[in-house]
Structure formats: C-alpha cells, structure tokens
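All remarks here apply to the structure that follows.
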Amino acid sequence: MKALLQRVSSAHVAVAGETVGAIGQGLLVLVGVEPADDQTVADKLLERLLDYRVFNDPHGRMNLSLRDIGGGLLLVSQFTLAADTRKGLRPGFSTAAKPEQAAALFDYLLGRAGAAHSPVASGRFGADMQVHLVNDGPVTFLLEV
C-alpha cells in the first residue's frame, strides 16, 4: 500500500457538492492499493499513520504523532497512487489492485482506523471527489508498506 499523508489544519472531501468527510487538525491520507496488499499490510500502514511523528512538539520539532495530538484522520482512496510512472508520458494502472480488492481493503482500513482512533472520516470509494485541504507546513510524506 502507498499512502500520501499530509499534515493539515483542516480538510474535507466533497462528492457532487456534498461534504462526505471532514476533519480539523490532523492527517489527510490518500491511499493507493496494490495487488499484493492484504489486511496485514493495511494494519501495518494504520499503525504507521497513527504513530508517525509529523506534528510539532513545544520545541518546534516533529516529535508528536496523530495519537499524541488527538487529531483527525481523513482517508481518501486514490488508485492513481499505485500507477506505474517509470516510463512514457502516460501512467499505467496494471500495478494497481482491481477495484473489488481495493474497495474491500480500503473499507477494512477505514473500519480498523475507526476502531483505533477518533475522529476518522473518509471520502467515497470510486467517486469523483473534490479534496480541499489546508496543508500545514507544508508537510507531506509518501509512506510505502
């Protein structure tokens, strides 16, 4: 799995003009699923997301995690993260999981996230989404599990 995480002051996702998920301070995470991914990989990714130290401590150092600050987690499925971009001028998507597998694994990740942390929100799998965010820093990392 690939996850592009962005530290945000706020973020929300809209589908057809309706907000379907929103958070205040926390992490917006775009999630790409690859064919070899399974629930074990999703569990590892979730632990990294919750414990990855990207928030500033009182000394201005990135020493605090999402759990430490009690921030929001907004998960958004994004199959384009799993694209093959190594050659040519058009991405290939044979490296992305099939929609059925990706939907099931994303739903699993979302369920586990909701059980382990609060608040958790999400976009809508497979929908044409508009993602709005205030990137704090900016701070952005690509995590691969």
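Every chain in the structure tokens takes a letter, A first, then B, and so on in the order presented; its residues are numbered from 1, and the ligands are numbered from 1 following the presented order.
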(Q) With only C-alpha atoms as the counted atoms, please give the residues lying no more than 10 Å from Arg7 (chain A), apart from itself and same-chain residues fewer than 6 positions off, as a list in words. (A) Gln25, Gly26, Leu27, Leu28, Val29, Val54, Phe55, Leu66, Gly71, Leu73, Leu133, Val134, Asn135, Asp136, Gly137, Pro138, Val139, Thr140 and Phe141 of chain A
Q: From a DSSP calculation on the backbone, collect every residue of chain A in alpha helix (DSSP H) and output the set as number ranges by chain.
A: A: 39-51, 66-69, 99-116
Identify, with DSSP run on backbone atoms, the residues in region 67-108 of chain A assigned to strand (DSSP E), and express the list as an mmCIF file with C-alpha atoms, in the first residue's frame.
```
data_model
loop_
_atom_site.group_PDB
_atom_site.id
_atom_site.type_symbol
_atom_site.label_atom_id
_atom_site.label_comp_id
_atom_site.auth_asym_id
_atom_site.auth_seq_id
_atom_site.Cartn_x
_atom_site.Cartn_y
_atom_site.Cartn_z
ATOM 1 C CA GLY A 72 -8.399 13.833 12.850
ATOM 2 C CA LEU A 73 -7.674 11.213 10.200
ATOM 3 C CA LEU A 74 -9.252 11.673 6.769
ATOM 4 C CA LEU A 75 -8.734 8.654 4.494
ATOM 5 C CA VAL A 76 -9.295 9.024 0.749
ATOM 6 C CA SER A 77 -8.903 6.172 -1.733
#
```
Q.
Excluding Leu81 (chain A) and its own-chain neighbours fewer than 2 positions away, which residues fall within 10 Å of it when counting only C-alpha atoms? Please give them as a ChimeraX atom specification.
A. /A:1-4,30-34,77-79,83-85,93,95-96,142
Save out the residues we just selected, N, CA and C atoms, as a PDB file, in the first residue's frame.
```
ATOM      1  N   MET A   1       0.850  -1.184   0.000  1.00  0.00           N
ATOM      2  CA  MET A   1       0.000   0.000   0.000  1.00  0.00           C
ATOM      3  C   MET A   1       0.882   1.228   0.000  1.00  0.00           C
ATOM      4  N   LYS A   2       0.374   2.230  -0.645  1.00  0.00           N
ATOM      5  CA  LYS A   2       1.038   3.528  -0.642  1.00  0.00           C
ATOM      6  C   LYS A   2       0.094   4.532  -0.004  1.00  0.00           C
ATOM      7  N   ALA A   3       0.665   5.416   0.788  1.00  0.00           N
ATOM      8  CA  ALA A   3      -0.135   6.444   1.432  1.00  0.00           C
ATOM      9  C   ALA A   3       0.598   7.773   1.335  1.00  0.00           C
ATOM     10  N   LEU A   4      -0.053   8.747   0.756  1.00  0.00           N
ATOM     11  CA  LEU A   4       0.477  10.100   0.718  1.00  0.00           C
ATOM     12  C   LEU A   4      -0.201  10.842   1.852  1.00  0.00           C
ATOM     13  N   LEU A  30      -4.088  10.040   1.342  1.00  0.00           N
ATOM     14  CA  LEU A  30      -4.518   9.455   0.085  1.00  0.00           C
ATOM     15  C   LEU A  30      -3.939   8.050   0.036  1.00  0.00           C
ATOM     16  N   VAL A  31      -4.780   7.043  -0.209  1.00  0.00           N
ATOM     17  CA  VAL A  31      -4.381   5.639  -0.097  1.00  0.00           C
ATOM     18  C   VAL A  31      -4.482   4.943  -1.447  1.00  0.00           C
ATOM     19  N   GLY A  32      -3.369   4.336  -1.870  1.00  0.00           N
ATOM     20  CA  GLY A  32      -3.336   3.536  -3.086  1.00  0.00           C
ATOM     21  C   GLY A  32      -3.102   2.080  -2.735  1.00  0.00           C
ATOM     22  N   VAL A  33      -3.889   1.190  -3.329  1.00  0.00           N
ATOM     23  CA  VAL A  33      -3.801  -0.242  -3.032  1.00  0.00           C
ATOM     24  C   VAL A  33      -3.192  -0.961  -4.233  1.00  0.00           C
ATOM     25  N   GLU A  34      -2.236  -1.850  -3.938  1.00  0.00           N
ATOM     26  CA  GLU A  34      -1.562  -2.633  -4.971  1.00  0.00           C
ATOM     27  C   GLU A  34      -1.989  -4.100  -4.845  1.00  0.00           C
ATOM     28  N   SER A  77      -9.448   7.150  -0.792  1.00  0.00           N
ATOM     29  CA  SER A  77      -8.903   6.172  -1.733  1.00  0.00           C
ATOM     30  C   SER A  77      -8.441   6.897  -2.997  1.00  0.00           C
ATOM     31  N   GLN A  78      -7.272   6.490  -3.500  1.00  0.00           N
ATOM     32  CA  GLN A  78      -6.757   7.118  -4.715  1.00  0.00           C
ATOM     33  C   GLN A  78      -5.911   6.097  -5.477  1.00  0.00           C
ATOM     34  N   PHE A  79      -6.559   5.428  -6.441  1.00  0.00           N
ATOM     35  CA  PHE A  79      -5.871   4.366  -7.159  1.00  0.00           C
ATOM     36  C   PHE A  79      -4.706   4.880  -7.988  1.00  0.00           C
ATOM     37  N   ALA A  83      -0.073   3.840  -9.648  1.00  0.00           N
ATOM     38  CA  ALA A  83       0.243   3.846 -11.079  1.00  0.00           C
ATOM     39  C   ALA A  83       1.725   3.598 -11.331  1.00  0.00           C
ATOM     40  N   ASP A  84       2.006   3.017 -12.491  1.00  0.00           N
ATOM     41  CA  ASP A  84       3.376   2.838 -12.952  1.00  0.00           C
ATOM     42  C   ASP A  84       3.733   4.070 -13.782  1.00  0.00           C
ATOM     43  N   THR A  85       4.668   4.850 -13.285  1.00  0.00           N
ATOM     44  CA  THR A  85       5.063   6.101 -13.959  1.00  0.00           C
ATOM     45  C   THR A  85       6.524   6.073 -14.398  1.00  0.00           C
ATOM     46  N   PHE A  93      -1.834   1.530 -15.216  1.00  0.00           N
ATOM     47  CA  PHE A  93      -2.519   1.162 -13.982  1.00  0.00           C
ATOM     48  C   PHE A  93      -2.546  -0.333 -13.717  1.00  0.00           C
ATOM     49  N   THR A  95      -0.395  -1.840 -12.202  1.00  0.00           N
ATOM     50  CA  THR A  95       0.224  -2.016 -10.883  1.00  0.00           C
ATOM     51  C   THR A  95      -0.750  -1.697  -9.745  1.00  0.00           C
ATOM     52  N   ALA A  96      -1.958  -1.280 -10.075  1.00  0.00           N
ATOM     53  CA  ALA A  96      -2.982  -1.000  -9.064  1.00  0.00           C
ATOM     54  C   ALA A  96      -3.864  -2.231  -8.865  1.00  0.00           C
ATOM     55  N   LEU A 142       5.356  10.364   1.630  1.00  0.00           N
ATOM     56  CA  LEU A 142       4.872   9.172   0.961  1.00  0.00           C
ATOM     57  C   LEU A 142       5.320   7.962   1.772  1.00  0.00           C
TER      58      LEU A 142
END
```
Which residues are close to Ala42 (chain A), i.e. within 9 Å by only C-alpha atoms, leaving aside same-chain residues fewer than 6 positions away? Reply as a short mmCIF file (atom, residue, chain, number, x, y, z; two decimals) with N, CA and C atoms, in the first residue's frame.
```cif
data_model
loop_
_atom_site.label_atom_id
_atom_site.label_comp_id
_atom_site.auth_asym_id
_atom_site.auth_seq_id
_atom_site.Cartn_x
_atom_site.Cartn_y
_atom_site.Cartn_z
N MET A 1 0.85 -1.18 0.00
CA MET A 1 0.00 0.00 0.00
C MET A 1 0.88 1.23 0.00
N LEU A 105 -10.21 -3.71 0.78
CA LEU A 105 -9.08 -3.39 1.66
C LEU A 105 -9.20 -1.97 2.21
N PHE A 106 -9.68 -1.04 1.40
CA PHE A 106 -9.88 0.32 1.90
C PHE A 106 -10.95 0.33 3.00
N TYR A 108 -11.69 -2.13 4.95
CA TYR A 108 -11.07 -2.76 6.11
C TYR A 108 -10.22 -1.73 6.87
N LEU A 109 -9.37 -1.00 6.13
CA LEU A 109 -8.51 0.03 6.73
C LEU A 109 -9.36 1.07 7.45
N ARG A 112 -10.83 -0.43 10.70
CA ARG A 112 -9.78 -0.57 11.73
C ARG A 112 -9.39 0.81 12.28
N VAL A 145 4.19 0.53 2.46
CA VAL A 145 4.25 -0.63 3.35
C VAL A 145 4.23 -1.88 2.49
#
```
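Taking CA of Asp107 (chain A) and CA of Leu45 (chain A) as endpoints, the distance between them is 13.7 Å.
Ranking A:Ala36, A:Ala22, A:Ala127, A:Leu50 by their shortest atom-to-atom distance to Ile69 (chain A), with only C-alpha atoms included, puts A:Leu50 first.
Put simply, CA of Gln6 (chain A) is 25.4 Å away from CA of Lys98 (chain A).
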